[in-house]
>>> print(open('entry_3.cif').read())   # mmCIF, C-alpha atoms
data_structure
loop_
_atom_site.label_atom_id
_atom_site.label_comp_id
_atom_site.auth_asym_id
_atom_site.auth_seq_id
_atom_site.Cartn_x
_atom_site.Cartn_y
_atom_site.Cartn_z
CA LEU J 1 17.37 14.69 2.72
CA PHE J 2 19.31 17.69 4.11
CA LEU J 3 16.16 19.82 3.77
CA SER J 4 14.06 17.36 5.78
CA GLU J 5 12.96 17.87 9.38
CA LYS J 6 15.91 15.75 10.55
CA PHE J 7 18.24 18.60 9.52
CA SER J 8 16.28 21.43 11.12
CA GLY J 9 17.99 24.79 10.69
CA LEU J 10 19.66 24.07 7.33
CA GLY J 11 18.22 26.10 4.47
CA GLU J 12 18.53 25.71 0.71
CA THR J 13 21.48 28.10 0.50
CA THR J 14 23.45 26.10 3.06
CA VAL J 15 22.67 22.80 1.39
CA SER J 16 23.61 24.18 -2.05
CA SER J 17 26.97 25.36 -0.68
CA ILE J 18 27.75 21.87 0.60
CA LEU J 19 26.69 20.12 -2.61
CA ASN J 20 28.68 22.55 -4.77
CA LEU J 21 31.91 21.93 -2.84
CA PHE J 22 31.76 18.21 -2.18
CA SER J 23 30.68 15.06 -4.01
CA HIS J 24 28.05 12.83 -2.39
CA GLN J 25 30.73 10.35 -1.36
CA GLN J 26 32.88 13.09 0.16
CA ILE J 27 29.92 14.41 2.13
CA ILE J 28 29.23 10.93 3.56
CA GLU J 29 32.91 10.51 4.51
CA ILE J 30 32.97 13.92 6.21
CA LEU J 31 29.79 13.20 8.15
CA ASP J 32 30.87 9.69 9.14
CA ALA J 33 34.20 11.00 10.44
CA LYS J 34 32.63 14.12 11.99
CA ASN J 35 35.28 16.13 10.17
CA GLU J 36 34.47 19.64 11.38
CA GLU J 37 37.60 21.15 9.82
CA ALA J 38 36.43 20.28 6.31
CA LEU J 39 33.24 22.28 6.88
CA LEU J 40 34.51 25.26 8.89
CA GLY J 41 35.13 27.36 5.84
CA VAL J 42 31.63 26.68 4.56
CA LEU J 43 29.34 26.55 7.61
CA THR J 44 29.14 28.16 11.02
CA PRO J 45 29.94 25.93 14.03
CA ASN J 46 26.23 25.95 14.93
CA LYS J 47 25.18 24.66 11.50
CA ILE J 48 27.94 22.06 11.52
CA SER J 49 26.57 20.78 14.82
CA LYS J 50 23.06 20.58 13.35
CA LEU J 51 24.41 18.79 10.29
CA PHE J 52 26.17 16.13 12.37
CA SER J 53 23.13 15.72 14.61
CA GLY J 54 20.84 15.27 11.60
CA TRP J 55 23.23 12.77 10.04
CA LYS J 56 23.22 10.67 13.22
CA ASN J 57 19.43 10.33 12.91
CA SER J 58 19.47 9.82 9.14
CA LYS J 59 22.42 7.54 8.50
CA SER J 60 20.36 4.34 8.43
CA GLU J 61 17.99 5.89 5.88
CA VAL J 62 20.90 6.93 3.66
CA GLU J 63 22.42 3.46 3.90
CA LEU J 64 19.06 2.00 2.89
CA VAL J 65 18.90 4.24 -0.18
CA GLN J 66 22.48 3.35 -1.12
CA TRP J 67 21.69 -0.34 -0.75
CA LEU J 68 18.60 -0.06 -2.96
CA ASP J 69 20.58 1.92 -5.50
CA SER J 70 23.23 -0.80 -5.65
CA TYR J 71 20.51 -3.12 -6.98
CA LYS J 72 19.17 -0.50 -9.41
CA ILE J 73 15.99 -0.05 -7.37
CA ASP J 74 14.18 3.31 -7.66
CA THR J 75 15.63 5.21 -4.69
CA SER J 76 12.59 7.52 -4.49
CA ILE J 77 10.88 4.80 -2.43
CA GLY J 78 13.67 4.93 0.16
CA ASN J 79 11.97 7.37 2.51
CA LYS J 80 8.64 5.51 2.38
CA VAL J 81 10.33 2.18 3.09
CA TRP J 82 12.39 3.68 5.90
CA ARG J 83 9.33 5.20 7.53
CA ILE J 84 7.78 1.74 7.83
CA TRP J 85 10.74 -0.30 9.09
CA GLN J 86 13.36 2.35 9.88
CA LYS J 87 16.66 0.75 11.02
CA ASN J 88 15.28 -2.74 10.33
CA ALA J 89 14.40 -1.94 6.70
CA VAL J 90 17.26 -3.82 5.02
CA ASP J 91 16.71 -6.88 7.23
CA LYS J 92 12.97 -6.84 6.52
CA ILE J 93 13.50 -6.62 2.77
CA ASN J 94 16.17 -9.33 2.79
CA GLU J 95 13.76 -11.52 4.75
CA ASN J 96 11.02 -10.96 2.17
CA PRO J 97 11.91 -8.84 -0.89
CA TYR J 98 8.29 -9.03 -2.07
CA ARG J 99 7.31 -6.60 0.66
CA LEU J 100 8.40 -3.97 -1.87
CA LEU J 101 5.36 -4.81 -4.02
CA ALA J 102 3.60 -2.09 -2.03
CA PHE J 103 5.83 0.39 -3.90
CA LEU J 104 7.07 -1.25 -7.11
CA SER J 105 5.89 -3.45 -9.98
CA TRP J 106 6.10 -7.24 -9.91
CA LYS J 107 8.75 -7.18 -12.65
CA ASP J 108 11.05 -4.88 -10.68
CA VAL J 109 10.58 -6.62 -7.34
CA ASP J 110 10.92 -10.12 -8.76
CA SER J 111 14.16 -9.22 -10.57
CA PHE J 112 15.45 -7.68 -7.33
CA ALA J 113 14.50 -10.79 -5.33
CA ILE J 114 16.22 -13.11 -7.79
CA ALA J 115 19.32 -10.87 -7.62
CA LEU J 116 19.27 -11.28 -3.84
CA GLY J 117 19.37 -15.04 -4.36
CA CYS J 118 15.69 -15.89 -3.91
CA ASP J 119 14.95 -19.28 -5.50
CA PRO J 120 12.01 -19.21 -7.98
CA LEU J 121 10.23 -21.84 -5.86
CA ASN J 122 11.11 -20.25 -2.53
CA ASP J 123 8.14 -20.12 -0.12
CA VAL J 124 8.29 -16.33 0.05
CA ARG J 125 8.09 -16.01 -3.74
CA LEU J 126 5.31 -18.60 -4.06
CA CYS J 127 3.19 -16.73 -1.50
CA ALA J 128 3.82 -13.43 -3.29
CA ILE J 129 2.71 -15.00 -6.59
CA VAL J 130 -0.67 -15.85 -5.06
CA GLU J 131 -1.16 -12.28 -3.83
CA GLN J 132 -0.10 -10.91 -7.21
CA CYS J 133 -2.67 -13.12 -8.97
CA MET J 134 -5.37 -11.76 -6.66
CA TYR J 135 -4.41 -8.16 -7.45
CA ILE J 136 -4.37 -8.92 -11.18
CA GLU J 137 -7.91 -10.27 -10.89
CA LEU J 138 -8.97 -7.14 -9.06
CA GLU J 139 -7.39 -4.89 -11.67
CA LEU J 140 -8.74 -6.75 -14.69
CA ASN J 141 -12.22 -7.70 -13.50
CA GLY J 142 -12.88 -5.38 -10.56
CA THR J 143 -13.72 -8.23 -8.21
CA THR J 144 -12.36 -8.65 -4.69
CA LYS J 145 -13.01 -12.39 -4.55
CA VAL J 146 -11.96 -15.24 -6.80
CA LYS J 147 -13.23 -18.80 -7.04
CA SER J 148 -10.67 -21.22 -5.61
CA ILE J 149 -10.49 -23.18 -8.85
CA TYR J 150 -9.80 -20.00 -10.89
CA LEU J 151 -7.06 -18.88 -8.50
CA ASN J 152 -5.45 -22.30 -8.77
CA GLU J 153 -5.37 -21.95 -12.57
CA ALA J 154 -4.03 -18.38 -12.40
CA VAL J 155 -1.22 -19.29 -9.99
CA SER J 156 -0.26 -22.29 -12.11
CA ARG J 157 -0.02 -20.09 -15.22
CA PHE J 158 1.96 -17.45 -13.35
CA ILE J 159 4.51 -19.97 -12.08
CA SER J 160 4.88 -21.70 -15.44
CA LYS J 161 5.54 -18.43 -17.30
CA GLY J 162 7.90 -17.03 -14.66
CA LYS J 163 11.55 -17.58 -13.80
CA GLY J 164 12.38 -21.28 -14.18
CA GLY J 165 8.73 -22.19 -14.68
CA LYS J 166 9.18 -23.61 -18.18
CA LEU J 167 11.57 -26.24 -16.83
CA LEU J 168 9.05 -27.64 -14.34
CA SER J 169 7.41 -31.00 -14.94
CA SER J 170 3.62 -31.18 -14.82
CA ASN J 171 3.74 -32.84 -11.39
CA LYS J 172 6.22 -30.30 -10.00
CA LEU J 173 4.08 -27.43 -11.31
CA SER J 174 0.95 -28.86 -9.64
CA GLU J 175 2.87 -29.41 -6.42
CA SER J 176 4.25 -25.85 -6.45
CA THR J 177 0.83 -24.36 -7.18
CA PHE J 178 -0.75 -26.26 -4.28
CA ARG J 179 2.15 -25.28 -2.02
CA ALA J 180 1.82 -21.59 -2.97
CA ILE J 181 -1.89 -21.39 -2.16
CA GLU J 182 -1.54 -23.31 1.10
CA LEU J 183 1.30 -21.01 2.19
CA ALA J 184 -0.82 -17.96 1.40
CA LYS J 185 -3.64 -19.35 3.54
CA GLU J 186 -1.33 -20.25 6.44
CA THR J 187 0.31 -16.82 6.53
CA GLY J 188 -2.99 -14.92 6.22
CA ALA J 189 -2.10 -13.49 2.82
CA ILE J 190 -5.48 -14.75 1.58
CA ILE J 191 -8.70 -15.85 3.27
CA GLU J 192 -10.79 -18.78 2.06
CA PHE J 193 -14.56 -18.96 2.54
CA THR J 194 -17.01 -21.34 0.89
CA GLN J 195 -15.52 -21.76 -2.61
CA PHE J 196 -13.95 -18.32 -2.82
CA ILE J 197 -10.63 -16.66 -1.97
CA GLN J 198 -10.27 -13.04 -0.89
CA LEU J 199 -7.46 -10.73 0.21
CA PRO J 200 -7.65 -9.73 3.92
CA GLY J 201 -8.23 -6.00 3.27
CA PRO J 202 -11.39 -6.36 1.14
CA TYR J 203 -12.60 -9.30 3.24
CA PHE J 204 -12.61 -7.41 6.54
CA CYS J 205 -13.90 -4.17 4.97
CA GLU J 206 -16.84 -6.03 3.48
CA LYS J 207 -17.51 -7.81 6.80
CA ILE J 208 -17.74 -4.43 8.52
CA ILE J 209 -20.16 -3.18 5.87
CA GLU J 210 -22.19 -6.38 6.17
CA GLU J 211 -22.48 -5.99 9.95
CA PHE J 212 -23.52 -2.35 9.54
CA ILE J 213 -26.25 -3.25 7.04
CA VAL J 214 -27.58 -6.08 9.23
CA GLU J 215 -27.67 -3.73 12.22
CA LYS J 216 -29.62 -1.14 10.25
CA ILE J 217 -32.07 -3.74 8.91
CA ASN J 218 -32.79 -4.90 12.46
CA ASP J 219 -33.18 -1.33 13.71
CA LYS J 220 -36.70 -0.81 15.11
CA ASP J 221 -36.78 2.93 14.53
CA VAL J 222 -39.71 4.09 12.39
CA LYS J 223 -38.77 6.06 9.28
CA GLU J 224 -40.64 9.24 8.44
CA LYS J 225 -42.38 9.89 5.14
CA LEU J 226 -40.96 12.61 2.91
CA THR J 227 -44.07 14.67 2.19
CA GLU J 228 -44.19 17.85 0.12
CA ALA J 229 -44.42 19.86 3.32
CA ARG J 230 -41.38 18.06 4.72
CA ILE J 231 -39.40 18.78 1.54
CA LYS J 232 -40.06 22.49 1.99
CA SER J 233 -39.24 22.46 5.71
CA LEU J 234 -35.90 20.76 5.02
CA ASN J 235 -35.03 23.22 2.22
CA LEU J 236 -34.71 20.38 -0.30
CA GLU J 237 -36.39 22.24 -3.12
CA SER J 238 -32.99 22.95 -4.73
CA LEU J 239 -32.40 19.24 -5.36
CA ASN J 240 -33.09 17.83 -8.80
CA HIS J 241 -35.42 14.86 -9.36
CA GLU J 242 -32.74 12.16 -8.98
CA GLN J 243 -31.18 13.79 -5.91
CA LEU J 244 -34.58 14.13 -4.26
CA ALA J 245 -35.34 10.49 -5.05
CA SER J 246 -32.13 9.50 -3.29
CA VAL J 247 -33.03 11.51 -0.17
CA ASN J 248 -36.53 10.06 -0.23
CA ASN J 249 -35.11 6.55 -0.52
CA ALA J 250 -32.77 7.14 2.42
CA ILE J 251 -35.52 8.49 4.66
CA ASN J 252 -38.01 5.75 3.86
CA ASN J 253 -35.67 2.75 4.06
CA LYS J 254 -33.35 1.39 6.69
CA VAL J 255 -30.61 0.85 4.11
CA SER J 256 -30.28 2.73 0.82
CA LEU J 257 -27.64 2.99 -1.90
CA PHE J 258 -27.07 5.49 -4.66
CA TYR J 259 -24.28 6.11 -7.14
CA GLY J 260 -23.29 8.57 -9.84
CA GLY J 261 -20.40 9.94 -11.86
CA ALA J 262 -18.16 12.87 -11.03
CA GLY J 263 -19.90 16.21 -10.57
CA VAL J 264 -23.48 14.95 -10.36
CA GLY J 265 -23.93 16.17 -6.77
CA LYS J 266 -23.37 13.03 -4.65
CA THR J 267 -21.74 14.95 -1.80
CA TYR J 268 -24.45 17.63 -1.87
CA THR J 269 -27.11 14.91 -1.79
CA VAL J 270 -25.47 13.15 1.18
CA ALA J 271 -25.30 16.47 3.02
CA SER J 272 -29.02 16.98 2.38
CA GLU J 273 -29.76 13.46 3.65
CA TYR J 274 -27.73 14.13 6.77
CA ASP J 275 -29.57 17.39 7.43
#
>>> encode(input="entry_3.cif", output="structure tokens")
Amino acid sequence: LFLSEKFSGLGETTVSSILNLFSHQQIIEILDAKNEEALLGVLTPNKISKLFSGWKNSKSEVELVQWLDSYKIDTSIGNKVWRIWQKNAVDKINENPYRLLAFLSWKDVDSFAIALGCDPLNDVRLCAIVEQCMYIELELNGTTKVKSIYLNEAVSRFISKGKGGKLLSSNKLSESTFRAIELAKETGAIIEFTQFIQLPGPYFCEKIIEEFIVEKINDKDVKEKLTEARIKSLNLESLNHEQLASVNNAINNKVSLFYGGAGVGKTYTVASEYD
């Protein structure tokens, strides 16, 4: 932290001197009290001033890290979390601990949430379970959409196997599953269309792609033919058969797709198509 931009002007030697003389707790006490006398034998007045100034801007981040550490949460995520919510980070996490799923595993975040006093059937947890089931489906099957009936089954299994789930009656489990999915819809955590459910990110990305493709299909521009003479004029002779076929496909069709593994020349082919 002391080597970050918030403590501009403090080098590694200065920081090492401080850490060698004082414990972390002592450093915090000195900075909180602005105890210049404790540092005068170690730092110049100018560096002491920079240290206090940096601490003023960093105190909330340090308090966040200390708070996470008190719950045995990986403190390496502290800076990332602080960058998002800054001084409101602790309040945001207390409001919804499952926001940390962007940085940590379900197991770690769920244990943390329960430690904070989150009830297993709390609305926040139920909504997070739905999102987690969607991500599991994406990871296991590579699909961004799930049939509503399959999601219902997945959420039910997740709840039943989780904290307190084994004690739920069949009716209570069904009720909680329905509640979880409805909450996720209401809060925009998932989007329902026809008989499918999708996460917002993939849904809107695919809508943009869909609109782009439709626009290209309706484009009235006439495509040119890739003749042998045209291949030579465009300096495409260096392309192999498959790469040339991709360029030819792109030139002769309003929409074209191609794919390939690492190192097969996809970027080079796209550059040739662009030219």
>>> closest_residue(input="entry_3.cif", among="J:Leu39, J:Ile30, J:Leu116, J:Ile197", to="J:Glu131", atoms="all atoms listed in the file")
J:Ile197
>>> resolve_selection(input="entry_3.cif", expression="the PyMOL selection byres ((chain J and resi 136) around 12)", output="list in words")
Ser105, Trp106, Ile129, Val130, Glu131, Gln132, Cys133, Met134, Tyr135, Glu137, Leu138, Glu139, Leu140, Asn141, Gly142, Thr143, Thr144, Lys145, Val146, Leu151, Ala154, Val155, Phe158 and Leu199 of chain J
>>> atom_distance(input="entry_3.cif", atom1="atom CA of J:Leu31", atom2="atom CA of J:Trp55")
6.8 Å
>>> closest_residue(input="entry_3.cif", among="J:Asn171, J:Asn79, J:Ser176, J:Gln86", to="J:Leu126", atoms="all atoms listed in the file")
J:Ser176
>>> resolve_selection(input="entry_3.cif", expression="the PyMOL selection byres ((chain J and resi 247) around 9)", output="PyMOL selection string")
chain J and resi 226+242-246+248-252+269-270+272-273
>>> write_last_selection(input="entry_3.cif", atoms="C-alpha atoms", output="mmCIF file, keeping the file's coordinate frame")
data_model
loop_
_atom_site.group_PDB
_atom_site.id
_atom_site.type_symbol
_atom_site.label_atom_id
_atom_site.label_comp_id
_atom_site.auth_asym_id
_atom_site.auth_seq_id
_atom_site.Cartn_x
_atom_site.Cartn_y
_atom_site.Cartn_z
ATOM 1 C CA LEU J 226 -40.960 12.610 2.910
ATOM 2 C CA GLU J 242 -32.740 12.160 -8.980
ATOM 3 C CA GLN J 243 -31.180 13.790 -5.910
ATOM 4 C CA LEU J 244 -34.580 14.130 -4.260
ATOM 5 C CA ALA J 245 -35.340 10.490 -5.050
ATOM 6 C CA SER J 246 -32.130 9.500 -3.290
ATOM 7 C CA ASN J 248 -36.530 10.060 -0.230
ATOM 8 C CA ASN J 249 -35.110 6.550 -0.520
ATOM 9 C CA ALA J 250 -32.770 7.140 2.420
ATOM 10 C CA ILE J 251 -35.520 8.490 4.660
ATOM 11 C CA ASN J 252 -38.010 5.750 3.860
ATOM 12 C CA THR J 269 -27.110 14.910 -1.790
ATOM 13 C CA VAL J 270 -25.470 13.150 1.180
ATOM 14 C CA SER J 272 -29.020 16.980 2.380
ATOM 15 C CA GLU J 273 -29.760 13.460 3.650
#
